[in-house]
$ cat input_29.txt   # compact mmCIF, C-alpha atoms
# COMPACT_ATOMS: atom_id res chain seq x y z
CA MET A 38 -65.17 4.82 90.97
CA GLU A 39 -63.10 5.75 87.95
CA GLY A 40 -64.36 9.31 88.31
CA VAL A 41 -63.43 9.38 92.02
CA LYS A 42 -59.93 8.19 91.16
CA ALA A 43 -59.48 10.71 88.35
CA TYR A 44 -60.60 13.49 90.70
CA SER A 45 -58.50 12.48 93.73
CA PRO A 46 -55.22 14.29 92.88
CA LEU A 47 -57.17 17.56 92.98
CA ALA A 48 -58.82 16.97 96.34
CA LEU A 49 -56.08 18.60 98.43
CA GLY A 50 -56.03 21.77 96.38
CA ILE A 51 -59.82 22.06 96.30
CA ALA A 52 -59.95 21.49 100.06
CA ALA A 53 -57.48 24.33 100.66
CA TRP A 54 -59.51 26.63 98.41
CA GLY A 55 -62.70 25.59 100.23
CA VAL A 56 -61.22 26.38 103.65
CA VAL A 57 -60.07 29.78 102.41
CA THR A 58 -63.45 30.59 100.90
CA GLY A 59 -65.27 29.54 104.06
CA ALA A 60 -62.94 31.51 106.31
CA ALA A 61 -63.08 34.58 104.06
CA MET A 62 -66.90 34.56 104.06
CA LEU A 63 -67.11 34.41 107.83
CA ARG A 64 -64.40 37.04 108.35
CA SER A 65 -66.35 39.38 106.10
CA GLY A 66 -68.92 39.82 108.84
CA LEU A 67 -71.87 38.11 107.19
CA PRO A 68 -74.08 36.33 109.78
CA LEU A 69 -73.20 32.68 110.32
CA HIS A 70 -76.56 31.29 109.15
CA LEU A 71 -76.29 33.11 105.81
CA VAL A 72 -72.71 31.93 105.29
CA VAL A 73 -73.66 28.29 105.90
CA LEU A 74 -76.80 28.54 103.76
CA MET A 75 -74.82 30.13 100.93
CA SER A 76 -72.07 27.57 101.05
CA LEU A 77 -74.52 24.66 100.93
CA THR A 78 -76.87 25.97 98.22
CA VAL A 79 -74.81 28.21 95.90
CA PHE A 80 -71.76 25.92 95.79
CA ALA A 81 -69.60 28.26 93.70
CA GLY A 82 -66.58 29.84 95.38
CA ALA A 83 -66.03 32.79 93.08
CA ALA A 84 -69.71 33.77 92.96
CA GLN A 85 -69.93 33.59 96.75
CA LEU A 86 -66.87 35.78 97.26
CA ILE A 87 -68.22 38.35 94.79
CA ALA A 88 -71.67 38.41 96.43
CA VAL A 89 -70.61 38.73 100.07
CA PRO A 90 -69.41 42.36 99.98
CA LEU A 91 -72.47 43.33 97.92
CA ILE A 92 -74.86 41.76 100.44
CA LEU A 93 -73.03 43.49 103.29
CA ALA A 94 -73.27 46.82 101.45
CA GLU A 95 -77.04 46.22 101.13
CA ALA A 96 -76.82 46.43 97.34
CA PRO A 97 -80.10 45.89 95.46
CA LEU A 98 -80.92 42.22 94.92
CA TRP A 99 -80.74 42.47 91.12
CA LEU A 100 -77.18 43.80 91.30
CA ILE A 101 -76.06 40.98 93.63
CA TRP A 102 -77.55 38.39 91.29
CA LEU A 103 -76.23 40.06 88.15
CA ALA A 104 -72.68 40.18 89.54
CA ALA A 105 -72.80 36.49 90.45
CA PHE A 106 -74.27 35.66 87.07
CA CYS A 107 -71.34 37.33 85.29
CA VAL A 108 -68.84 35.35 87.33
CA ASN A 109 -70.86 32.24 86.49
CA LEU A 110 -70.91 32.87 82.74
CA ARG A 111 -68.17 30.29 82.30
CA PHE A 112 -70.61 27.67 83.64
CA MET A 113 -72.84 28.53 80.68
CA ILE A 114 -70.00 27.78 78.29
CA TYR A 115 -69.46 24.50 80.11
CA SER A 116 -73.19 23.69 79.87
CA LEU A 117 -73.10 24.10 76.10
CA HIS A 118 -70.36 21.49 76.09
CA TRP A 119 -72.15 19.23 78.60
CA ALA A 120 -75.20 19.27 76.31
CA SER A 121 -73.42 17.21 73.66
CA TYR A 122 -72.83 14.47 76.27
CA PHE A 123 -76.00 14.54 78.34
CA SER A 124 -78.83 15.86 76.12
CA ARG A 125 -80.39 12.38 75.85
CA LEU A 126 -81.10 12.16 79.59
CA PRO A 127 -84.44 13.29 81.04
CA ARG A 128 -84.60 16.97 81.96
CA SER A 129 -84.71 16.45 85.74
CA ARG A 130 -81.55 14.34 85.48
CA ARG A 131 -79.84 16.98 83.36
CA VAL A 132 -80.61 19.71 85.91
CA LEU A 133 -79.45 17.51 88.77
CA LEU A 134 -76.16 16.75 87.01
CA SER A 135 -75.57 20.39 86.16
CA TYR A 136 -75.92 21.48 89.80
CA PHE A 137 -72.62 19.67 90.42
CA SER A 138 -70.90 21.19 87.39
CA GLY A 139 -67.77 23.09 88.29
CA ASP A 140 -64.33 23.86 86.98
CA SER A 141 -62.54 20.81 88.33
CA VAL A 142 -65.31 18.35 87.39
CA TYR A 143 -65.42 19.82 83.88
CA VAL A 144 -61.67 19.55 83.42
CA VAL A 145 -61.40 16.00 84.77
CA PHE A 146 -64.31 14.85 82.61
CA MET A 147 -63.06 16.49 79.41
CA ARG A 148 -59.64 14.93 79.90
CA ARG A 149 -61.25 11.49 80.09
CA TYR A 150 -63.81 11.98 77.29
CA PRO A 151 -62.36 14.53 74.84
CA GLU A 152 -64.74 13.41 72.08
CA ALA A 153 -68.08 15.21 72.40
CA VAL A 154 -70.31 12.16 71.88
CA PRO A 155 -72.45 10.29 74.43
CA LYS A 156 -70.84 7.03 75.59
CA ALA A 157 -71.67 4.42 78.18
CA GLY A 158 -70.00 5.08 81.52
CA GLN A 159 -69.99 8.85 81.22
CA VAL A 160 -72.74 9.46 83.80
CA PRO A 161 -71.14 7.22 86.50
CA PHE A 162 -67.76 8.84 85.79
CA TYR A 163 -69.32 12.30 86.08
CA LEU A 164 -71.12 11.42 89.31
CA GLY A 165 -67.95 9.93 90.81
CA ALA A 166 -65.94 13.07 90.16
CA ALA A 167 -68.83 15.45 90.96
CA LEU A 168 -69.86 13.88 94.27
CA SER A 169 -66.23 13.70 95.47
CA ASN A 170 -65.81 17.34 94.52
CA TRP A 171 -69.05 18.35 96.29
CA THR A 172 -68.13 16.47 99.47
CA VAL A 173 -64.55 17.75 99.61
CA TRP A 174 -65.68 21.32 98.92
CA GLN A 175 -68.56 21.36 101.43
CA LEU A 176 -66.57 19.76 104.24
CA SER A 177 -63.59 22.05 103.73
CA ALA A 178 -65.81 25.14 103.43
CA LEU A 179 -67.51 24.21 106.74
CA CYS A 180 -64.05 23.72 108.29
CA GLY A 181 -63.10 27.18 107.05
CA ILE A 182 -66.32 28.70 108.43
CA PHE A 183 -66.04 27.14 111.89
CA LEU A 184 -62.26 26.81 112.33
CA GLY A 185 -61.01 29.60 110.06
CA HIS A 186 -60.12 31.82 113.00
CA LEU A 187 -57.38 29.33 113.95
CA ILE A 188 -55.38 29.97 110.75
CA PRO A 189 -52.73 32.69 111.19
CA GLY A 190 -53.61 35.66 108.99
CA ASP A 191 -50.26 35.69 107.16
CA TRP A 192 -50.50 32.10 105.89
CA ASN A 193 -51.28 31.97 102.21
CA VAL A 194 -53.42 28.83 102.38
CA GLY A 195 -55.10 29.67 99.10
CA PHE A 196 -51.84 29.05 97.28
CA ALA A 197 -52.46 25.30 97.43
CA GLY A 198 -55.66 25.94 95.47
CA THR A 199 -53.76 27.99 92.93
CA MET A 200 -51.24 25.17 92.56
CA ALA A 201 -54.03 22.63 92.04
CA LEU A 202 -55.40 24.73 89.18
CA LEU A 203 -51.88 25.16 87.77
CA GLY A 204 -51.34 21.40 87.88
CA ILE A 205 -54.55 20.74 85.95
CA ALA A 206 -53.50 23.36 83.41
CA CYS A 207 -50.15 21.57 82.94
CA ALA A 208 -51.97 18.27 82.41
CA LEU A 209 -53.98 19.87 79.58
CA LEU A 210 -50.90 21.10 77.69
CA LYS A 211 -50.91 18.49 74.97
CA ASN A 212 -49.97 20.21 71.73
CA ARG A 213 -48.82 23.51 70.29
CA ILE A 214 -52.35 24.93 70.11
CA SER A 215 -52.95 24.27 73.80
CA TRP A 216 -49.66 25.99 74.80
CA LEU A 217 -50.68 29.00 72.75
CA VAL A 218 -54.18 29.05 74.30
CA ALA A 219 -52.67 28.89 77.80
CA ILE A 220 -50.14 31.66 77.19
CA VAL A 221 -52.58 33.98 75.44
CA GLY A 222 -55.26 33.27 78.07
CA ALA A 223 -52.82 34.13 80.86
CA LEU A 224 -51.70 37.32 79.12
CA VAL A 225 -55.25 38.52 78.39
CA SER A 226 -56.36 37.91 81.96
CA PHE A 227 -53.16 39.37 83.41
CA SER A 228 -53.29 42.59 81.43
CA LEU A 229 -56.96 43.13 82.35
CA GLN A 230 -56.51 42.45 86.06
CA GLY A 231 -58.81 44.48 88.23
CA VAL A 232 -61.70 44.79 85.77
CA PRO A 233 -64.96 44.24 87.65
CA LEU A 234 -66.74 40.89 88.01
CA ASN A 235 -63.79 38.78 86.80
CA LEU A 236 -64.67 39.68 83.22
CA ASN A 237 -60.97 39.20 82.35
CA VAL A 238 -61.46 35.46 82.91
CA LEU A 239 -64.52 35.37 80.65
CA LEU A 240 -62.68 37.29 77.92
CA SER A 241 -59.74 34.87 78.15
CA ILE A 242 -62.12 31.94 77.64
CA VAL A 243 -63.70 33.61 74.60
CA VAL A 244 -60.26 34.37 73.11
CA GLY A 245 -59.04 30.84 73.89
CA VAL A 246 -62.09 29.22 72.25
CA ALA A 247 -61.71 31.50 69.21
CA LEU A 248 -58.01 30.60 68.93
CA GLY A 249 -58.90 26.93 69.16
CA VAL A 250 -61.53 27.28 66.41
CA VAL A 251 -59.19 29.16 64.04
CA LEU A 252 -56.05 27.11 64.64
CA SER A 253 -57.59 23.63 64.57
CA ARG A 254 -59.39 24.50 61.34
CA ARG A 255 -56.09 25.49 59.77
CA SER A 256 -54.31 22.31 60.88
CA VAL A 257 -57.05 20.00 59.55
CA MET B 371 -80.25 44.05 105.60
CA SER B 372 -82.99 42.10 107.33
CA THR B 373 -82.70 38.37 107.81
CA TRP B 374 -85.32 37.66 105.18
CA MET B 375 -83.68 39.91 102.61
CA GLY B 376 -80.41 38.10 103.28
CA VAL B 377 -82.05 34.71 102.82
CA ALA B 378 -83.73 35.94 99.62
CA ALA B 379 -80.40 37.22 98.31
CA VAL B 380 -78.72 33.86 99.00
CA LEU B 381 -81.51 31.74 97.51
CA GLY B 382 -81.57 33.98 94.45
CA LEU B 383 -77.82 33.47 94.12
CA ALA B 384 -78.30 29.72 94.29
CA LEU B 385 -80.95 29.91 91.58
CA THR B 386 -78.96 32.14 89.17
CA THR B 387 -75.93 29.90 89.63
CA LEU B 388 -77.99 26.80 88.86
CA LEU B 389 -79.49 28.54 85.80
CA ALA B 390 -76.02 29.36 84.46
CA ARG B 391 -74.94 25.77 85.08
CA CYS B 392 -77.82 24.18 83.18
CA ALA B 393 -78.38 26.94 80.61
CA PHE B 394 -77.97 24.76 77.53
CA LEU B 395 -79.23 21.62 79.25
CA LEU B 396 -82.63 23.02 80.15
CA PRO B 397 -84.38 23.18 76.75
CA GLU B 398 -85.71 19.91 75.34
CA LYS B 399 -84.19 20.75 71.97
CA LYS B 400 -81.17 18.56 71.36
CA TRP B 401 -78.19 20.85 71.15
CA ARG B 402 -75.62 19.43 68.82
CA VAL B 403 -72.51 21.50 69.06
CA PRO B 404 -71.05 21.84 65.54
CA ALA B 405 -67.61 20.27 65.09
CA TRP B 406 -65.79 23.56 64.58
CA LEU B 407 -67.18 24.97 67.83
CA ALA B 408 -66.41 21.76 69.71
CA ASN B 409 -62.78 22.13 68.63
CA GLY B 410 -62.74 25.56 70.20
CA LEU B 411 -64.62 24.51 73.34
CA ASN B 412 -62.02 21.83 73.98
CA HIS B 413 -59.69 24.68 74.84
CA ALA B 414 -62.12 26.48 77.14
CA PRO B 415 -60.98 24.74 80.36
CA LEU B 416 -57.32 25.53 79.72
CA ALA B 417 -58.08 29.15 78.86
CA ALA B 418 -60.15 29.50 82.03
CA LEU B 419 -57.47 27.91 84.21
CA SER B 420 -54.61 30.02 82.89
CA ALA B 421 -56.80 33.12 83.21
CA VAL B 422 -57.62 32.39 86.85
CA VAL B 423 -54.11 31.34 87.82
CA ALA B 424 -52.00 34.01 86.08
CA PRO B 425 -52.98 37.02 88.20
CA GLN B 426 -52.69 34.98 91.41
CA ILE B 427 -49.07 34.11 90.61
CA VAL B 428 -47.96 37.38 89.00
CA PRO B 429 -49.86 40.33 90.51
CA MET B 430 -49.87 43.59 88.58
CA GLU B 431 -47.79 45.44 91.21
CA SER B 432 -44.81 43.11 90.82
CA LEU B 433 -44.61 43.86 87.09
CA TRP B 434 -43.46 47.43 87.72
CA THR B 435 -40.85 46.48 90.30
CA LEU B 436 -39.77 43.32 88.44
CA ALA B 437 -39.65 41.69 91.87
CA LEU B 438 -39.51 37.91 92.10
CA THR B 439 -42.14 36.81 94.61
CA PRO B 440 -42.28 33.53 96.56
CA GLU B 441 -45.47 32.74 94.61
CA MET B 442 -43.61 32.90 91.28
CA VAL B 443 -40.78 30.69 92.55
CA GLY B 444 -43.28 28.18 93.96
CA ALA B 445 -45.29 28.13 90.73
CA ALA B 446 -42.14 27.51 88.67
CA ALA B 447 -41.23 24.61 90.96
CA GLY B 448 -44.78 23.28 90.67
CA VAL B 449 -44.70 23.32 86.86
CA ALA B 450 -41.29 21.62 86.86
CA GLY B 451 -42.64 19.05 89.32
CA TYR B 452 -45.52 18.24 87.00
CA PHE B 453 -43.37 17.72 83.94
CA VAL B 454 -40.84 15.55 85.79
CA LYS B 455 -43.39 13.27 87.51
CA ARG B 456 -46.50 13.81 85.29
CA ASN B 457 -48.52 14.09 88.47
CA ILE B 458 -50.77 16.98 89.56
CA PHE B 459 -50.19 16.17 93.22
CA MET B 460 -46.46 16.92 92.72
CA THR B 461 -47.38 20.41 91.49
CA ILE B 462 -49.33 21.14 94.67
CA LEU B 463 -46.71 19.65 96.98
CA LEU B 464 -43.62 21.23 95.38
CA GLY B 465 -45.40 24.53 94.72
CA VAL B 466 -46.54 24.97 98.32
CA VAL B 467 -43.28 23.76 99.92
CA VAL B 468 -41.03 25.87 97.68
CA MET B 469 -43.29 28.91 98.09
CA GLY B 470 -43.19 28.51 101.88
CA LEU B 471 -39.42 28.05 101.99
CA THR B 472 -38.80 31.02 99.67
CA SER B 473 -41.01 33.36 101.65
CA TYR B 474 -39.34 32.21 104.90
CA TRP B 475 -35.90 32.76 103.34
CA MET B 476 -36.85 36.15 101.92
CA GLY B 477 -38.18 37.13 105.35
$ encode --input "input_29.txt" --output "C-alpha cells"
Amino acid sequence: MEGVKAYSPLALGIAAWGVVTGAAMLRSGLPLHLVVLMSLTVFAGAAQLIAVPLILAEAPLWLIWLAAFCVNLRFMIYSLHWASYFSRLPRSRRVLLSYFSGDSVYVVFMRRYPEAVPKAGQVPFYLGAALSNWTVWQLSALCGIFLGHLIPGDWNVGFAGTMALLGIACALLKNRISWLVAIVGALVSFSLQGVPLNLNVLLSIVVGVALGVVLSRRSV
Amino acid sequence: MSTWMGVAAVLGLALTTLLARCAFLLPEKKWRVPAWLANGLNHAPLAALSAVVAPQIVPMESLWTLALTPEMVGAAAGVAGYFVKRNIFMTILLGVVVMGLTSYWMG
C-alpha cells in the first residue's frame, strides 16, 4: 500500500503519456491486433514508438529488435541497481519483478530506499508501485488505442507526461551534485537531439553516473 | 509484412525488452554493486529524467529563434509549483494549465 501511495502523484502524468502512446501507435497505421498485443506484452512506451515505424517499413527483424534494445539500455542500468536489492530472491521471482521495471517505478523506489541494501518491505513496496503503474499504463494505453481518434490533433496531451517527469526530477534535486547532474544531463541530451535511437538519453545517463562517481568520491 | 511476421516482431520486442530489464538479475551470481558505483547509480534516474524532458521542453529549433514557447512557460510554472508546494501533482497541474493558457493567449 505504501508503494501505491508513493506512486499515486505520478498516475495522472503516466496516464496522459499512455493515452498518447496508444493513440500514436494506432494512428501510425499498424493493424489493431498488433498494437494491442504490443501494448500488453512489451510494456515500454519509448521502445514501442521506436519499433512501430520500423515494422511498418518492413525492416528486418534484427534491426527492429536492435533499435528497441538500444532504447531499453537504460533498463539494463536499472537492473544492475535492482540486483543489489533483489538478488536474494529466487530467479523466477527476480524475472517477474523485472518485467514491471520502468522509469517511474525505479524513481519512486530509489527515493524511498536510497541505500542499496536488501530490507524487509522492499518487495511489497515495489509491487505496490509496479502494479499501480502497470494498471494505469495499460488502461490508458487501451483508451488511447480505442478512443484516441476523439482527441483533437492540436492538443498537446503528452505535455502532462512531460510535466510528470519534470516533477519527479524536481523531487530528486536534493544537493549540489544532483543539481549539477540534472543540468549537465539536460545539456548533453539537448545538444545531441536528433541522434538515432535516443542515444542522447543513454549518454546523459552515463555522464550523470560518472559525475556522481567522481563528485561523491571527492566530497567523502 | 504478413500477420505472422508482425506477431514475431512484437513477441521478439517483448523478449528483448524483458532481457534488458532483468539483465543483471538473471545470473545466479550475486551482484554486489561496489560502493563507488552505487554512488554514481543513485544519480542515474535524475540524469535520465532531465535527458528525456529537456528536448521536449526546449526543442532545437527554438534555440535559433530564441522564441519563448508555451511549453517553456508551462515548465517554468511547473518547477515553481513544485518548490512552493513540494508536490509533484502541483507540477503537472500548474504546468499543463499555464501551458494551455499561454498557447491560447499566444494564438
$ residues_around --input "input_29.txt" --residues "region 224-234 of chain A" --least-positions-apart "3" --cutoff "10 Å" --atoms "only C-alpha atoms" --output "ChimeraX atom specification"
/A:83-84,87,103-109,218-221,237-242,244-245 /B:417-418,420-430
$ interface_residues --input "input_29.txt" --of "chain A" --to "chain B" --cutoff "7 Å" --atoms "all atoms listed in the file" --output "NGL selection string"
:A and (46 or 50 or 71 or 75 or 78-79 or 95 or 98 or 102 or 105-106 or 109-110 or 112-113 or 116-117 or 120-121 or 124 or 128 or 131-132 or 135-136 or 138 or 144 or 196-197 or 199-207 or 209 or 215 or 218-219 or 222-223 or 226-227 or 230 or 238 or 241-242 or 245-247 or 249-250 or 253)
$ closest_residue --input "input_29.txt" --among "B:Lys455, B:Ala446, B:Pro440, B:Leu433" --to "Leu471 (chain B)" --atoms "only C-alpha atoms"
B:Pro440
$ atom_distance --input "input_29.txt" --atom1 "CA of Tyr122 (chain A)" --atom2 "CA of Val142 (chain A)"
14.0 Å
$ residues_around --input "input_29.txt" --residues "Ile51 (chain A)" --least-positions-apart "3" --cutoff "9 Å" --atoms "all atoms listed in the file" --output "CSV table (one decimal) with C-alpha atoms, in the frame of the given file"
chain,number,residue,atom,x,y,z
A,47,LEU,CA,-57.2,17.6,93.0
A,48,ALA,CA,-58.8,17.0,96.3
A,54,TRP,CA,-59.5,26.6,98.4
A,55,GLY,CA,-62.7,25.6,100.2
A,56,VAL,CA,-61.2,26.4,103.6
A,141,SER,CA,-62.5,20.8,88.3
A,170,ASN,CA,-65.8,17.3,94.5
A,173,VAL,CA,-64.6,17.8,99.6
A,174,TRP,CA,-65.7,21.3,98.9
A,177,SER,CA,-63.6,22.0,103.7
A,197,ALA,CA,-52.5,25.3,97.4
A,198,GLY,CA,-55.7,25.9,95.5
A,201,ALA,CA,-54.0,22.6,92.0
A,202,LEU,CA,-55.4,24.7,89.2
$ atom_distance --input "input_29.txt" --atom1 "CA of Tyr163 (chain A)" --atom2 "CA of Phe146 (chain A)"
6.6 Å
$ atom_distance --input "input_29.txt" --atom1 "CA of Val160 (chain A)" --atom2 "CA of Asp140 (chain A)"
17.0 Å
$ build_atoms --input "input_29.txt" --residues "region 108-119 of chain A" --atoms "all heavy atoms" --output "PDB file, in the frame of the given file"
ATOM      1  N   VAL A 108     -69.921  36.247  86.935  1.00  0.00           N
ATOM      2  CA  VAL A 108     -68.840  35.350  87.330  1.00  0.00           C
ATOM      3  C   VAL A 108     -69.145  33.923  86.890  1.00  0.00           C
ATOM      4  O   VAL A 108     -68.256  33.138  86.593  1.00  0.00           O
ATOM      5  CB  VAL A 108     -68.633  35.400  88.857  1.00  0.00           C
ATOM      6  CG1 VAL A 108     -67.528  34.470  89.287  1.00  0.00           C
ATOM      7  CG2 VAL A 108     -68.326  36.804  89.286  1.00  0.00           C
ATOM      8  N   ASN A 109     -70.455  33.604  86.827  1.00  0.00           N
ATOM      9  CA  ASN A 109     -70.860  32.240  86.490  1.00  0.00           C
ATOM     10  C   ASN A 109     -71.007  32.012  84.986  1.00  0.00           C
ATOM     11  O   ASN A 109     -71.403  30.919  84.576  1.00  0.00           O
ATOM     12  CB  ASN A 109     -72.189  31.902  87.164  1.00  0.00           C
ATOM     13  CG  ASN A 109     -72.019  31.703  88.648  1.00  0.00           C
ATOM     14  OD1 ASN A 109     -70.944  31.335  89.095  1.00  0.00           O
ATOM     15  ND2 ASN A 109     -73.064  31.948  89.413  1.00  0.00           N
ATOM     16  N   LEU A 110     -70.715  33.042  84.185  1.00  0.00           N
ATOM     17  CA  LEU A 110     -70.910  32.870  82.740  1.00  0.00           C
ATOM     18  C   LEU A 110     -70.106  31.695  82.188  1.00  0.00           C
ATOM     19  O   LEU A 110     -70.520  31.034  81.243  1.00  0.00           O
ATOM     20  CB  LEU A 110     -70.520  34.156  82.004  1.00  0.00           C
ATOM     21  CG  LEU A 110     -71.625  35.221  81.961  1.00  0.00           C
ATOM     22  CD1 LEU A 110     -71.091  36.501  81.358  1.00  0.00           C
ATOM     23  CD2 LEU A 110     -72.808  34.719  81.164  1.00  0.00           C
ATOM     24  N   ARG A 111     -68.962  31.405  82.804  1.00  0.00           N
ATOM     25  CA  ARG A 111     -68.170  30.290  82.300  1.00  0.00           C
ATOM     26  C   ARG A 111     -68.935  28.966  82.454  1.00  0.00           C
ATOM     27  O   ARG A 111     -68.780  28.065  81.635  1.00  0.00           O
ATOM     28  CB  ARG A 111     -66.806  30.221  82.979  1.00  0.00           C
ATOM     29  CG  ARG A 111     -66.847  29.858  84.461  1.00  0.00           C
ATOM     30  CD  ARG A 111     -65.464  29.957  85.076  1.00  0.00           C
ATOM     31  NE  ARG A 111     -65.400  29.368  86.403  1.00  0.00           N
ATOM     32  CZ  ARG A 111     -65.971  29.868  87.490  1.00  0.00           C
ATOM     33  NH1 ARG A 111     -66.700  30.969  87.411  1.00  0.00           N
ATOM     34  NH2 ARG A 111     -65.860  29.274  88.659  1.00  0.00           N
ATOM     35  N   PHE A 112     -69.794  28.882  83.491  1.00  0.00           N
ATOM     36  CA  PHE A 112     -70.610  27.670  83.640  1.00  0.00           C
ATOM     37  C   PHE A 112     -71.548  27.494  82.448  1.00  0.00           C
ATOM     38  O   PHE A 112     -71.879  26.371  82.066  1.00  0.00           O
ATOM     39  CB  PHE A 112     -71.446  27.728  84.918  1.00  0.00           C
ATOM     40  CG  PHE A 112     -70.638  27.606  86.186  1.00  0.00           C
ATOM     41  CD1 PHE A 112     -70.988  28.327  87.318  1.00  0.00           C
ATOM     42  CD2 PHE A 112     -69.533  26.763  86.255  1.00  0.00           C
ATOM     43  CE1 PHE A 112     -70.253  28.217  88.492  1.00  0.00           C
ATOM     44  CE2 PHE A 112     -68.795  26.650  87.418  1.00  0.00           C
ATOM     45  CZ  PHE A 112     -69.152  27.374  88.540  1.00  0.00           C
ATOM     46  N   MET A 113     -71.980  28.628  81.859  1.00  0.00           N
ATOM     47  CA  MET A 113     -72.840  28.530  80.680  1.00  0.00           C
ATOM     48  C   MET A 113     -72.079  27.923  79.512  1.00  0.00           C
ATOM     49  O   MET A 113     -72.610  27.094  78.769  1.00  0.00           O
ATOM     50  CB  MET A 113     -73.374  29.907  80.286  1.00  0.00           C
ATOM     51  CG  MET A 113     -74.558  30.349  81.093  1.00  0.00           C
ATOM     52  SD  MET A 113     -75.185  31.931  80.518  1.00  0.00           S
ATOM     53  CE  MET A 113     -76.186  31.402  79.148  1.00  0.00           C
ATOM     54  N   ILE A 114     -70.823  28.355  79.358  1.00  0.00           N
ATOM     55  CA  ILE A 114     -70.000  27.780  78.290  1.00  0.00           C
ATOM     56  C   ILE A 114     -69.830  26.280  78.536  1.00  0.00           C
ATOM     57  O   ILE A 114     -69.958  25.461  77.617  1.00  0.00           O
ATOM     58  CB  ILE A 114     -68.630  28.482  78.235  1.00  0.00           C
ATOM     59  CG1 ILE A 114     -68.829  29.955  77.908  1.00  0.00           C
ATOM     60  CG2 ILE A 114     -67.716  27.800  77.220  1.00  0.00           C
ATOM     61  CD1 ILE A 114     -67.555  30.745  77.775  1.00  0.00           C
ATOM     62  N   TYR A 115     -69.589  25.926  79.792  1.00  0.00           N
ATOM     63  CA  TYR A 115     -69.460  24.500  80.110  1.00  0.00           C
ATOM     64  C   TYR A 115     -70.762  23.759  79.761  1.00  0.00           C
ATOM     65  O   TYR A 115     -70.732  22.661  79.227  1.00  0.00           O
ATOM     66  CB  TYR A 115     -69.172  24.265  81.601  1.00  0.00           C
ATOM     67  CG  TYR A 115     -67.880  24.858  82.124  1.00  0.00           C
ATOM     68  CD1 TYR A 115     -67.654  24.952  83.501  1.00  0.00           C
ATOM     69  CD2 TYR A 115     -66.877  25.307  81.281  1.00  0.00           C
ATOM     70  CE1 TYR A 115     -66.488  25.484  84.000  1.00  0.00           C
ATOM     71  CE2 TYR A 115     -65.708  25.844  81.777  1.00  0.00           C
ATOM     72  CZ  TYR A 115     -65.521  25.942  83.147  1.00  0.00           C
ATOM     73  OH  TYR A 115     -64.372  26.469  83.657  1.00  0.00           O
ATOM     74  N   SER A 116     -71.918  24.397  80.058  1.00  0.00           N
ATOM     75  CA  SER A 116     -73.190  23.690  79.870  1.00  0.00           C
ATOM     76  C   SER A 116     -73.449  23.419  78.383  1.00  0.00           C
ATOM     77  O   SER A 116     -74.043  22.413  78.018  1.00  0.00           O
ATOM     78  CB  SER A 116     -74.347  24.461  80.506  1.00  0.00           C
ATOM     79  OG  SER A 116     -74.902  25.382  79.598  1.00  0.00           O
ATOM     80  N   LEU A 117     -72.974  24.335  77.543  1.00  0.00           N
ATOM     81  CA  LEU A 117     -73.100  24.100  76.100  1.00  0.00           C
ATOM     82  C   LEU A 117     -72.334  22.829  75.724  1.00  0.00           C
ATOM     83  O   LEU A 117     -72.787  22.020  74.912  1.00  0.00           O
ATOM     84  CB  LEU A 117     -72.530  25.312  75.343  1.00  0.00           C
ATOM     85  CG  LEU A 117     -72.560  25.231  73.815  1.00  0.00           C
ATOM     86  CD1 LEU A 117     -73.984  25.095  73.311  1.00  0.00           C
ATOM     87  CD2 LEU A 117     -71.910  26.462  73.196  1.00  0.00           C
ATOM     88  N   HIS A 118     -71.190  22.667  76.359  1.00  0.00           N
ATOM     89  CA  HIS A 118     -70.360  21.490  76.090  1.00  0.00           C
ATOM     90  C   HIS A 118     -70.986  20.226  76.708  1.00  0.00           C
ATOM     91  O   HIS A 118     -71.018  19.163  76.101  1.00  0.00           O
ATOM     92  CB  HIS A 118     -68.964  21.743  76.666  1.00  0.00           C
ATOM     93  CG  HIS A 118     -67.881  21.022  75.922  1.00  0.00           C
ATOM     94  ND1 HIS A 118     -66.555  21.202  76.203  1.00  0.00           N
ATOM     95  CD2 HIS A 118     -67.920  20.121  74.925  1.00  0.00           C
ATOM     96  CE1 HIS A 118     -65.834  20.436  75.399  1.00  0.00           C
ATOM     97  NE2 HIS A 118     -66.635  19.772  74.626  1.00  0.00           N
ATOM     98  N   TRP A 119     -71.491  20.371  77.938  1.00  0.00           N
ATOM     99  CA  TRP A 119     -72.150  19.230  78.600  1.00  0.00           C
ATOM    100  C   TRP A 119     -73.308  18.711  77.755  1.00  0.00           C
ATOM    101  O   TRP A 119     -73.604  17.520  77.731  1.00  0.00           O
ATOM    102  CB  TRP A 119     -72.721  19.611  79.974  1.00  0.00           C
ATOM    103  CG  TRP A 119     -71.737  19.839  81.078  1.00  0.00           C
ATOM    104  CD1 TRP A 119     -71.688  20.938  81.895  1.00  0.00           C
ATOM    105  CD2 TRP A 119     -70.697  18.975  81.525  1.00  0.00           C
ATOM    106  NE1 TRP A 119     -70.666  20.802  82.796  1.00  0.00           N
ATOM    107  CE2 TRP A 119     -70.054  19.608  82.599  1.00  0.00           C
ATOM    108  CE3 TRP A 119     -70.233  17.714  81.127  1.00  0.00           C
ATOM    109  CZ2 TRP A 119     -68.975  19.052  83.283  1.00  0.00           C
ATOM    110  CZ3 TRP A 119     -69.162  17.150  81.795  1.00  0.00           C
ATOM    111  CH2 TRP A 119     -68.549  17.817  82.858  1.00  0.00           C
TER     112      TRP A 119
END
